[in-house]
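What follows is my_file_27.txt (compact mmCIF, C-alpha atoms).
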# COMPACT_ATOMS: atom_id res chain seq x y z
CA MET A 1 36.38 47.66 -18.27
CA ASN A 2 34.93 50.92 -17.12
CA ILE A 3 31.27 50.27 -16.32
CA PRO A 4 29.26 53.24 -15.03
CA ASP A 5 27.94 52.97 -11.45
CA LYS A 6 24.31 52.82 -12.47
CA VAL A 7 25.02 49.99 -14.89
CA VAL A 8 26.87 48.01 -12.21
CA ASN A 9 23.85 48.52 -9.99
CA ARG A 10 21.42 47.29 -12.64
CA LEU A 11 23.65 44.34 -13.62
CA THR A 12 23.39 43.02 -10.06
CA MET A 13 19.62 43.42 -10.24
CA TYR A 14 19.49 41.50 -13.53
CA HIS A 15 21.42 38.81 -11.67
CA PHE A 16 18.87 38.80 -8.83
CA ILE A 17 16.16 38.30 -11.45
CA LEU A 18 18.08 35.48 -13.13
CA GLU A 19 18.42 33.77 -9.74
CA ASP A 20 14.65 33.62 -9.49
CA ILE A 21 13.97 32.27 -12.99
CA ARG A 22 12.26 28.88 -13.08
CA GLU A 23 14.64 26.11 -14.07
CA ASP A 24 12.77 25.22 -17.26
CA GLU A 25 13.04 28.78 -18.59
CA LYS A 26 16.20 28.78 -20.65
CA PHE A 27 15.82 32.26 -22.15
CA ILE A 28 14.80 35.65 -20.84
CA SER A 29 13.76 38.73 -22.81
CA SER A 30 14.98 42.26 -22.24
CA THR A 31 11.29 43.15 -21.80
CA LYS A 32 11.03 40.94 -18.74
CA PHE A 33 14.00 42.70 -17.09
CA ALA A 34 12.63 46.08 -18.15
CA ASN A 35 9.14 45.48 -16.76
CA LEU A 36 10.37 44.14 -13.43
CA LEU A 37 12.68 47.12 -12.93
CA GLY A 38 10.37 49.73 -14.41
CA ILE A 39 12.95 50.85 -16.96
CA ASP A 40 13.15 50.95 -20.75
CA ASN A 41 13.80 47.94 -22.87
CA SER A 42 16.52 49.81 -24.72
CA GLN A 43 18.27 50.54 -21.41
CA VAL A 44 18.45 46.83 -20.64
CA ARG A 45 19.92 46.03 -24.05
CA LYS A 46 22.45 48.84 -23.68
CA ASP A 47 23.49 47.62 -20.21
CA LEU A 48 23.95 44.07 -21.37
CA LYS A 49 26.21 45.20 -24.20
CA TYR A 50 28.73 46.21 -21.52
CA ILE A 51 29.21 42.58 -20.65
CA ASP A 52 29.32 41.56 -24.28
CA ASN A 53 26.19 39.48 -24.18
CA GLN A 54 23.94 39.80 -27.18
CA GLY A 55 20.41 38.49 -27.01
CA LYS A 56 19.07 36.44 -29.87
CA CYS A 57 16.26 37.89 -31.91
CA ARG A 58 12.84 36.62 -30.72
CA VAL A 59 14.46 34.26 -28.19
CA GLY A 60 16.21 36.62 -25.80
CA TYR A 61 19.19 36.05 -23.55
CA GLU A 62 20.35 32.62 -22.50
CA VAL A 63 19.84 32.50 -18.74
CA THR A 64 22.87 30.44 -17.67
CA ALA A 65 25.31 32.23 -19.96
CA LEU A 66 24.07 35.66 -18.97
CA LYS A 67 24.36 34.85 -15.28
CA ARG A 68 27.90 33.65 -15.73
CA LYS A 69 28.85 36.72 -17.76
CA ILE A 70 27.56 39.07 -15.06
CA GLU A 71 29.38 37.09 -12.38
CA GLU A 72 32.67 37.25 -14.25
CA CYS A 73 32.30 40.87 -15.13
CA LEU A 74 31.51 42.08 -11.62
CA GLY A 75 33.96 39.76 -9.90
CA PHE A 76 31.53 37.65 -7.82
CA LYS A 77 33.94 34.75 -7.97
CA LYS A 78 36.92 36.71 -6.70
CA PRO A 79 35.66 37.53 -3.23
CA LYS A 80 37.04 40.46 -1.31
CA ASP A 81 37.66 39.89 2.37
CA ALA A 82 36.28 42.45 4.79
CA PHE A 83 35.86 43.25 8.47
CA ILE A 84 32.71 44.62 10.08
CA VAL A 85 33.60 47.34 12.56
CA GLY A 86 30.83 48.07 15.06
CA VAL A 87 28.67 45.20 16.25
CA GLY A 88 25.36 46.97 16.74
CA ASN A 89 22.09 46.03 15.06
CA LEU A 90 23.19 46.98 11.60
CA GLY A 91 26.61 45.33 11.91
CA THR A 92 24.89 42.19 13.19
CA ALA A 93 22.35 42.27 10.36
CA LEU A 94 25.12 42.56 7.78
CA ALA A 95 27.11 39.75 9.45
CA LYS A 96 24.10 37.46 9.35
CA TYR A 97 23.41 38.17 5.71
CA ASP A 98 24.82 35.20 3.82
CA GLY A 99 23.99 36.68 0.42
CA PHE A 100 27.11 38.86 0.44
CA LYS A 101 29.36 35.86 0.00
CA ASP A 102 27.66 34.85 -3.25
CA TYR A 103 28.31 38.33 -4.58
CA GLY A 104 31.98 38.51 -3.74
CA LEU A 105 32.04 39.98 -0.25
CA ASN A 106 33.50 37.76 2.42
CA VAL A 107 33.23 38.99 6.02
CA LEU A 108 36.06 37.41 7.99
CA ALA A 109 35.68 38.96 11.43
CA MET A 110 33.96 41.68 13.44
CA PHE A 111 35.28 44.29 15.82
CA ASP A 112 33.86 46.23 18.72
CA LYS A 113 35.16 47.96 21.82
CA ASP A 114 32.41 46.53 24.02
CA GLN A 115 34.07 43.78 26.07
CA LYS A 116 30.69 42.09 26.58
CA LYS A 117 30.60 41.42 22.83
CA VAL A 118 34.28 40.58 22.30
CA GLY A 119 34.92 36.83 22.12
CA SER A 120 31.45 35.85 20.97
CA THR A 121 30.54 34.82 17.45
CA ILE A 122 27.87 35.91 14.99
CA ASN A 123 27.15 33.66 12.04
CA GLY A 124 30.58 32.07 12.36
CA LYS A 125 32.37 35.42 12.56
CA GLU A 126 34.29 36.07 15.74
CA ILE A 127 34.11 39.46 17.45
CA PHE A 128 37.50 40.90 18.37
CA ASP A 129 38.51 43.93 20.35
CA ILE A 130 38.86 46.94 18.07
CA SER A 131 42.52 47.28 19.04
CA ARG A 132 43.25 44.11 17.07
CA VAL A 133 42.15 45.45 13.67
CA GLY A 134 45.65 46.39 12.54
CA ASN A 135 47.22 43.11 13.52
CA LEU A 136 44.50 40.98 11.94
CA ALA A 137 44.25 43.16 8.84
CA SER A 138 47.91 42.69 8.04
CA ARG A 139 47.92 38.99 8.97
CA LEU A 140 44.85 38.22 6.86
CA GLY A 141 45.51 40.77 4.13
CA VAL A 142 42.20 42.54 4.70
CA GLU A 143 41.86 46.08 3.32
CA VAL A 144 38.07 46.58 3.45
CA ALA A 145 36.15 47.65 6.56
CA ILE A 146 32.39 47.96 6.81
CA LEU A 147 31.80 50.78 9.26
CA THR A 148 28.67 50.38 11.39
CA VAL A 149 29.59 52.20 14.60
CA PRO A 150 27.37 54.96 16.05
CA ARG A 151 27.77 58.26 14.22
CA GLU A 152 29.57 59.94 17.08
CA HIS A 153 32.35 57.34 16.99
CA ALA A 154 32.61 57.20 13.21
CA GLN A 155 35.41 59.71 12.62
CA GLY A 156 37.53 58.45 15.50
CA THR A 157 37.13 54.87 14.33
CA ALA A 158 37.95 55.85 10.73
CA ASN A 159 41.17 57.52 11.91
CA TYR A 160 42.05 54.34 13.75
CA LEU A 161 41.24 52.12 10.75
CA ALA A 162 43.34 54.29 8.44
CA GLY A 163 46.24 53.93 10.85
CA ALA A 164 45.68 50.18 10.99
CA GLY A 165 46.15 49.74 7.25
CA ILE A 166 42.53 49.66 6.10
CA LYS A 167 42.30 51.09 2.56
CA TYR A 168 38.55 50.94 1.84
CA ILE A 169 35.79 51.98 4.20
CA TRP A 170 32.18 51.15 3.34
CA ASN A 171 30.58 53.78 5.53
CA PHE A 172 27.06 53.07 6.84
CA THR A 173 27.10 56.00 9.25
CA THR A 174 25.84 59.50 8.49
CA CYS A 175 29.21 60.99 9.37
CA ILE A 176 31.17 62.13 6.32
CA LEU A 177 34.65 60.86 7.08
CA ASP A 178 37.82 62.88 6.77
CA VAL A 179 40.46 60.30 5.84
CA PRO A 180 43.96 60.28 4.36
CA LYS A 181 44.15 60.33 0.57
CA ASP A 182 45.12 56.66 0.28
CA VAL A 183 41.91 55.53 2.01
CA LYS A 184 38.77 55.32 -0.10
CA VAL A 185 35.33 55.80 1.38
CA TRP A 186 32.03 54.69 -0.10
CA ASN A 187 29.12 56.32 1.69
CA GLU A 188 26.11 54.05 1.96
CA ASN A 189 23.69 56.89 2.29
CA LEU A 190 20.35 55.27 3.19
CA ILE A 191 18.75 58.61 3.92
CA GLY A 192 19.77 59.97 0.55
CA SER A 193 18.42 56.83 -1.01
CA PHE A 194 15.05 57.21 0.68
CA LEU A 195 14.86 60.85 -0.34
CA GLN A 196 15.67 59.96 -3.95
CA PHE A 197 12.74 57.56 -3.81
CA THR A 198 10.28 60.01 -2.36
CA ASN A 199 11.50 63.02 -4.35
CA LYS A 200 11.14 61.01 -7.52
CA ASP A 201 7.50 60.62 -6.72
CA LYS A 202 6.99 64.35 -6.31
CA ASP A 203 8.12 64.94 -9.89
CA GLU A 204 5.53 62.69 -11.44
CA MET B 1 11.74 70.92 -8.78
CA ASN B 2 13.31 68.06 -10.62
CA ILE B 3 16.59 67.29 -8.87
CA PRO B 4 18.63 64.39 -10.29
CA ASP B 5 19.08 61.37 -8.01
CA LYS B 6 22.81 61.85 -7.59
CA VAL B 7 22.30 65.47 -6.56
CA VAL B 8 19.67 64.49 -3.96
CA ASN B 9 22.17 61.99 -2.64
CA ARG B 10 24.95 64.56 -2.40
CA LEU B 11 22.65 67.21 -0.89
CA THR B 12 21.96 64.87 2.03
CA MET B 13 25.70 64.36 2.45
CA TYR B 14 26.30 68.11 2.46
CA HIS B 15 23.71 68.21 5.23
CA PHE B 16 25.55 65.50 7.20
CA ILE B 17 28.68 67.64 6.93
CA LEU B 18 26.83 70.78 8.04
CA GLU B 19 25.55 68.86 11.07
CA ASP B 20 29.14 68.28 12.16
CA ILE B 21 30.38 71.84 11.71
CA ARG B 22 31.62 73.50 14.90
CA GLU B 23 29.20 76.07 16.21
CA ASP B 24 31.59 78.96 15.79
CA GLU B 25 32.07 78.26 12.08
CA LYS B 26 29.46 80.36 10.37
CA PHE B 27 30.58 79.77 6.78
CA ILE B 28 31.71 76.77 4.80
CA SER B 29 33.53 76.68 1.48
CA SER B 30 32.66 74.49 -1.48
CA THR B 31 36.24 73.21 -1.22
CA LYS B 32 35.55 71.74 2.21
CA PHE B 33 32.55 69.81 0.90
CA ALA B 34 34.53 68.75 -2.16
CA ASN B 35 37.51 67.48 -0.20
CA LEU B 36 35.44 65.52 2.30
CA LEU B 37 33.45 63.83 -0.47
CA GLY B 38 36.33 63.42 -2.89
CA ILE B 39 34.54 65.29 -5.65
CA ASP B 40 35.17 68.44 -7.66
CA ASN B 41 34.64 71.90 -6.32
CA SER B 42 32.64 72.79 -9.41
CA GLN B 43 30.32 69.84 -8.76
CA VAL B 44 29.52 71.17 -5.29
CA ARG B 45 28.74 74.62 -6.64
CA LYS B 46 26.54 73.14 -9.38
CA ASP B 47 24.65 70.99 -6.86
CA LEU B 48 24.02 73.92 -4.54
CA LYS B 49 22.58 75.96 -7.40
CA TYR B 50 19.69 73.48 -7.47
CA ILE B 51 18.60 74.73 -4.10
CA ASP B 52 19.15 78.33 -5.06
CA ASN B 53 21.90 78.95 -2.56
CA GLN B 54 24.76 81.05 -3.81
CA GLY B 55 27.98 81.16 -1.87
CA LYS B 56 29.65 84.46 -1.27
CA CYS B 57 33.00 85.10 -2.87
CA ARG B 58 35.88 84.34 -0.45
CA VAL B 59 33.47 83.63 2.42
CA GLY B 60 31.56 80.60 1.22
CA TYR B 61 28.11 79.39 2.17
CA GLU B 62 26.33 80.43 5.31
CA VAL B 63 25.97 77.27 7.37
CA THR B 64 22.56 77.82 8.97
CA ALA B 65 20.92 79.12 5.81
CA LEU B 66 22.32 76.33 3.68
CA LYS B 67 21.14 73.67 6.13
CA ARG B 68 17.64 75.13 6.13
CA LYS B 69 17.56 75.33 2.34
CA ILE B 70 18.51 71.67 1.98
CA GLU B 71 15.93 70.68 4.57
CA GLU B 72 13.17 72.57 2.79
CA CYS B 73 14.16 71.37 -0.61
CA LEU B 74 14.33 67.68 0.29
CA GLY B 75 11.29 67.74 2.54
CA PHE B 76 12.92 66.80 5.88
CA LYS B 77 10.26 68.75 7.72
CA LYS B 78 7.33 67.02 6.05
CA PRO B 79 7.91 63.51 7.38
CA LYS B 80 6.51 60.54 5.55
CA ASP B 81 5.03 57.81 7.70
CA ALA B 82 6.16 54.26 7.05
CA PHE B 83 5.86 50.69 8.28
CA ILE B 84 8.73 48.23 8.62
CA VAL B 85 7.66 44.82 7.35
CA GLY B 86 9.89 41.99 8.57
CA VAL B 87 11.37 42.23 12.06
CA GLY B 88 14.70 40.48 11.51
CA ASN B 89 18.10 41.98 12.20
CA LEU B 90 17.91 44.54 9.45
CA GLY B 91 14.32 45.56 10.26
CA THR B 92 15.33 45.92 13.90
CA ALA B 93 18.41 47.96 12.99
CA LEU B 94 16.32 50.33 10.87
CA ALA B 95 13.70 50.62 13.62
CA LYS B 96 16.36 51.55 16.15
CA TYR B 97 17.89 54.15 13.91
CA ASP B 98 16.57 57.48 15.17
CA GLY B 99 18.29 59.46 12.42
CA PHE B 100 15.55 58.69 9.93
CA LYS B 101 13.09 60.91 11.73
CA ASP B 102 15.33 63.96 11.34
CA TYR B 103 15.42 63.34 7.63
CA GLY B 104 11.70 62.99 7.09
CA LEU B 105 11.06 59.29 7.57
CA ASN B 106 8.80 58.37 10.44
CA VAL B 107 8.43 54.67 11.23
CA LEU B 108 5.06 54.20 12.92
CA ALA B 109 4.87 50.44 13.41
CA MET B 110 6.42 47.11 12.49
CA PHE B 111 4.94 43.89 11.17
CA ASP B 112 5.93 40.26 11.27
CA LYS B 113 4.20 36.90 11.07
CA ASP B 114 6.21 35.45 13.95
CA GLN B 115 3.81 35.37 16.92
CA LYS B 116 6.76 35.42 19.33
CA LYS B 117 7.58 38.91 18.07
CA VAL B 118 4.04 40.25 17.72
CA GLY B 119 3.01 42.45 20.65
CA SER B 120 6.50 43.51 21.64
CA THR B 121 8.02 46.91 20.98
CA ILE B 122 11.28 48.08 19.43
CA ASN B 123 12.36 51.66 20.00
CA GLY B 124 8.78 52.65 20.77
CA LYS B 125 7.40 50.94 17.67
CA GLU B 126 4.92 48.15 18.26
CA ILE B 127 5.14 44.91 16.29
CA PHE B 128 1.82 43.80 14.79
CA ASP B 129 0.78 40.65 13.00
CA ILE B 130 1.33 41.05 9.27
CA SER B 131 -2.40 40.50 8.67
CA ARG B 132 -3.07 43.91 10.20
CA VAL B 133 -1.09 45.93 7.63
CA GLY B 134 -4.12 46.81 5.53
CA ASN B 135 -6.25 47.90 8.43
CA LEU B 136 -3.54 50.04 10.03
CA ALA B 137 -2.34 51.46 6.71
CA SER B 138 -5.78 52.84 5.91
CA ARG B 139 -6.45 53.99 9.48
CA LEU B 140 -3.11 55.80 9.77
CA GLY B 141 -2.83 56.83 6.12
CA VAL B 142 0.46 55.02 5.64
CA GLU B 143 1.52 54.28 2.06
CA VAL B 144 5.22 53.45 2.52
CA ALA B 145 6.53 50.02 3.56
CA ILE B 146 10.16 49.19 4.26
CA LEU B 147 10.53 45.57 3.23
CA THR B 148 13.06 43.61 5.29
CA VAL B 149 11.69 40.06 5.15
CA PRO B 150 13.86 37.12 4.02
CA ARG B 151 14.29 36.98 0.24
CA GLU B 152 12.11 33.88 -0.16
CA HIS B 153 9.13 35.68 1.38
CA ALA B 154 9.68 38.98 -0.41
CA GLN B 155 7.42 38.51 -3.44
CA GLY B 156 4.58 37.01 -1.40
CA THR B 157 4.78 39.82 1.12
CA ALA B 158 4.89 42.43 -1.66
CA ASN B 159 1.72 40.96 -3.18
CA TYR B 160 0.09 41.18 0.19
CA LEU B 161 1.26 44.77 0.78
CA ALA B 162 -0.01 45.84 -2.65
CA GLY B 163 -3.41 44.36 -1.80
CA ALA B 164 -3.34 46.14 1.56
CA GLY B 165 -3.04 49.59 -0.01
CA ILE B 166 0.71 50.15 0.26
CA LYS B 167 1.88 52.33 -2.64
CA TYR B 168 5.64 52.57 -2.04
CA ILE B 169 7.93 49.70 -1.16
CA TRP B 170 11.51 50.40 -0.10
CA ASN B 171 12.91 46.99 -0.88
CA PHE B 172 15.94 45.82 1.13
CA THR B 173 15.74 42.24 -0.16
CA THR B 174 17.56 40.90 -3.21
CA CYS B 175 14.28 39.80 -4.77
CA ILE B 176 13.20 42.01 -7.65
CA LEU B 177 9.50 42.48 -6.96
CA ASP B 178 6.76 42.06 -9.52
CA VAL B 179 4.08 44.51 -8.36
CA PRO B 180 0.98 46.21 -9.83
CA LYS B 181 1.64 49.40 -11.79
CA ASP B 182 0.31 51.68 -9.05
CA VAL B 183 2.91 50.43 -6.56
CA LYS B 184 6.39 51.94 -6.75
CA VAL B 185 9.47 50.00 -5.66
CA TRP B 186 12.86 51.42 -4.72
CA ASN B 187 15.48 48.71 -4.61
CA GLU B 188 18.05 49.30 -1.89
CA ASN B 189 20.67 47.24 -3.60
CA LEU B 190 23.50 46.91 -1.06
CA ILE B 191 25.30 44.34 -3.16
CA GLY B 192 25.22 46.59 -6.21
CA SER B 193 26.48 49.38 -4.03
CA PHE B 194 29.42 47.35 -2.77
CA LEU B 195 30.28 46.26 -6.31
CA GLN B 196 30.18 49.87 -7.51
CA PHE B 197 32.70 50.66 -4.79
CA THR B 198 35.04 47.81 -5.59
CA ASN B 199 34.68 48.07 -9.37
CA LYS B 200 35.46 51.75 -9.18
CA ASP B 201 38.75 50.81 -7.66
CA LYS B 202 39.58 48.39 -10.47
CA ASP B 203 39.37 51.21 -13.00
CA GLU B 204 41.95 53.33 -11.31
Show the structure stored in the file as structure tokens.
Amino acid sequence: MNIPDKVVNRLTMYHFILEDIREDEKFISSTKFANLLGIDNSQVRKDLKYIDNQGKCRVGYEVTALKRKIEECLGFKKPKDAFIVGVGNLGTALAKYDGFKDYGLNVLAMFDKDQKKVGSTINGKEIFDISRVGNLASRLGVEVAILTVPREHAQGTANYLAGAGIKYIWNFTTCILDVPKDVKVWNENLIGSFLQFTNKDKDE
Amino acid sequence: MNIPDKVVNRLTMYHFILEDIREDEKFISSTKFANLLGIDNSQVRKDLKYIDNQGKCRVGYEVTALKRKIEECLGFKKPKDAFIVGVGNLGTALAKYDGFKDYGLNVLAMFDKDQKKVGSTINGKEIFDISRVGNLASRLGVEVAILTVPREHAQGTANYLAGAGIKYIWNFTTCILDVPKDVKVWNENLIGSFLQFTNKDKDE
């Protein structure tokens, strides 16, 4: 099913909200989602139609069923394996974040060129020398790399990853990567995100 | 000017690309932007119309002028001061990231409740006890908090920040915050972002 990006984004946030619901609350209203996210009620109802979950009049959405529907729809239960490339602060933070696994992202190993880091382990994930990406990617069938190297090494590392069989790069650097056509890049643009936040305010 | 979120996001990425242009390249074509970002040429031209920068036929956009226009338009030169609340791995990574300052985000101080961390300094930013947020926020005129505490402390900390005069929370946790109406939250939903990436692939 083709779900627009913004809807995917909101579906995960509905799931975060459902995770925090008290156990004795069996139903949740679209108004509750809407108020917490500062969006319109009608938007919530429209989003939830994508996953074929209709609320009941006056009662709302059944919490357990809705959670399961979102999980199925977004593939939380079919985890994708990934490598973290670049064991700096951000790479370490992402490696230590256990939440990813619940949402379908399974970090198998980390890579760095710093020999002081190679061989040690962060949150159960071993750090390998960067030269081993290709070998381990093909052995473990990993196609996703989370790129957290310093900006100045980003393009060089991306070239290397492309050559090593990586097909998806989740790019946390501010370098816009020039990669072969068969490699897909998703730019996690934190600066753009911050500016969206603050520019939004200006308009109001 | 009311610039849509996605355009703000792309404008910052055009700026990242301009940062990497070789010094002897005075002009850049919309095609170069488009190819690097995997989007349409026409999209680039439409985006750049928002900042009133017209490319010249056959020559393209003047690099220096375009950079300056984006900077003015998105407010890079009018930095917003912010606090980082929660000195874990992610908070530390964000504090160490010097790039923010170039893009208008100035982290003044950090806060944690862990007394082992309080008093030390990360990248020139002192760590204060969380109880001092209110005092320092009003003294320094800071209204933006970057929230990087563990999920289970997120709502409690948000309540506290709202009471301490913080008006904007950039939320890196997966807790959807319930805050007073005068406090704005921007959810940095990394999981949603990853799922957008991987779901996009499914459609193709």
Straight-line distance linking CA of Pro4 in chain B with CA of Gln196 in chain A, stated in Å to one decimal
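For CA of Pro4 in chain B relative to CA of Gln196 in chain A, the distance reads 8.3 Å.
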Up to 6 Å from chain B, what residues of chain A turn up? Count all atoms listed in the file and give them as a list in words.
Asp5, Asn9, Thr12, Leu36, Asn89, Leu90, Ala93, Asp178, Gly192 and Gln196 of chain A
What separates CA of Val133 in chain B and CA of Ala164 in chain B is a distance of 6.5 Å
If we count all atoms listed in the file and set the cut-off at 10 Å, which residues sit around Leu161 in chain B, ignoring sequence neighbours fewer than 2 positions away in its own chain? Please answer as a list in words.
Val85, Ile130, Ser131, Val133, Gly134, Ala137, Glu143, Val144, Ala145, Leu147, Gln155, Gly156, Thr157, Ala158, Asn159, Gly163, Ala164, Gly165, Ile166, Lys167, Tyr168, Ile169, Val179 and Val183 of chain B
What is the distance between CA of Lys116 in chain B and CA of Arg132 in chain B, in Å to one decimal?
15.9 Å
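Excluding range 40-45 of chain A itself and any same-chain residue fewer than 4 positions from it, the protein and nucleic acid residues within 7 Å of it, counting all atoms listed in the file, are Ser30, Thr31, Ala34 and Lys49 of chain A.
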Which polymer residues, whether protein, DNA or RNA, lie within 12 Å of the coordinate (10.0, 43.0, 21.5) when you count all atoms listed in the file? List them as a PDB file with C-alpha atoms, in the frame of the given file, using the chain letters and numbers from the file.
ATOM      1  CA  VAL B  87      11.370  42.230  12.060  1.00  0.00           C
ATOM      2  CA  GLY B  88      14.700  40.480  11.510  1.00  0.00           C
ATOM      3  CA  THR B  92      15.330  45.920  13.900  1.00  0.00           C
ATOM      4  CA  ALA B  95      13.700  50.620  13.620  1.00  0.00           C
ATOM      5  CA  LYS B  96      16.360  51.550  16.150  1.00  0.00           C
ATOM      6  CA  MET B 110       6.420  47.110  12.490  1.00  0.00           C
ATOM      7  CA  PHE B 111       4.940  43.890  11.170  1.00  0.00           C
ATOM      8  CA  ASP B 112       5.930  40.260  11.270  1.00  0.00           C
ATOM      9  CA  ASP B 114       6.210  35.450  13.950  1.00  0.00           C
ATOM     10  CA  GLN B 115       3.810  35.370  16.920  1.00  0.00           C
ATOM     11  CA  LYS B 116       6.760  35.420  19.330  1.00  0.00           C
ATOM     12  CA  LYS B 117       7.580  38.910  18.070  1.00  0.00           C
ATOM     13  CA  VAL B 118       4.040  40.250  17.720  1.00  0.00           C
ATOM     14  CA  GLY B 119       3.010  42.450  20.650  1.00  0.00           C
ATOM     15  CA  SER B 120       6.500  43.510  21.640  1.00  0.00           C
ATOM     16  CA  THR B 121       8.020  46.910  20.980  1.00  0.00           C
ATOM     17  CA  ILE B 122      11.280  48.080  19.430  1.00  0.00           C
ATOM     18  CA  ASN B 123      12.360  51.660  20.000  1.00  0.00           C
ATOM     19  CA  GLY B 124       8.780  52.650  20.770  1.00  0.00           C
ATOM     20  CA  LYS B 125       7.400  50.940  17.670  1.00  0.00           C
ATOM     21  CA  GLU B 126       4.920  48.150  18.260  1.00  0.00           C
ATOM     22  CA  ILE B 127       5.140  44.910  16.290  1.00  0.00           C
ATOM     23  CA  PHE B 128       1.820  43.800  14.790  1.00  0.00           C
TER      24      PHE B 128
END
Quick one: 5 Å padding each side, axis-aligned, all listed atoms of range 96-104 of chain A - centre and edge lengths in Å to one decimal, as JSON?
{"center_x": 27.7, "center_y": 36.9, "center_z": 2.4, "size_x": 18.6, "size_y": 14.0, "size_z": 23.9}
Write out as number ranges by chain which residues come within 12 Å of Asp52 in chain A when counting all atoms listed in the file, dropping same-chain ones fewer than 2 positions away.
A: 1, 3, 45-50, 54-55, 61, 65-66, 68-70, 72-73
Hey, can you spit out that residue selection with C-alpha atoms as a compact mmCIF listing (two decimals), in the frame of the given file?
# COMPACT_ATOMS: atom_id res chain seq x y z
CA MET A 1 36.38 47.66 -18.27
CA ILE A 3 31.27 50.27 -16.32
CA ARG A 45 19.92 46.03 -24.05
CA LYS A 46 22.45 48.84 -23.68
CA ASP A 47 23.49 47.62 -20.21
CA LEU A 48 23.95 44.07 -21.37
CA LYS A 49 26.21 45.20 -24.20
CA TYR A 50 28.73 46.21 -21.52
CA GLN A 54 23.94 39.80 -27.18
CA GLY A 55 20.41 38.49 -27.01
CA TYR A 61 19.19 36.05 -23.55
CA ALA A 65 25.31 32.23 -19.96
CA LEU A 66 24.07 35.66 -18.97
CA ARG A 68 27.90 33.65 -15.73
CA LYS A 69 28.85 36.72 -17.76
CA ILE A 70 27.56 39.07 -15.06
CA GLU A 72 32.67 37.25 -14.25
CA CYS A 73 32.30 40.87 -15.13
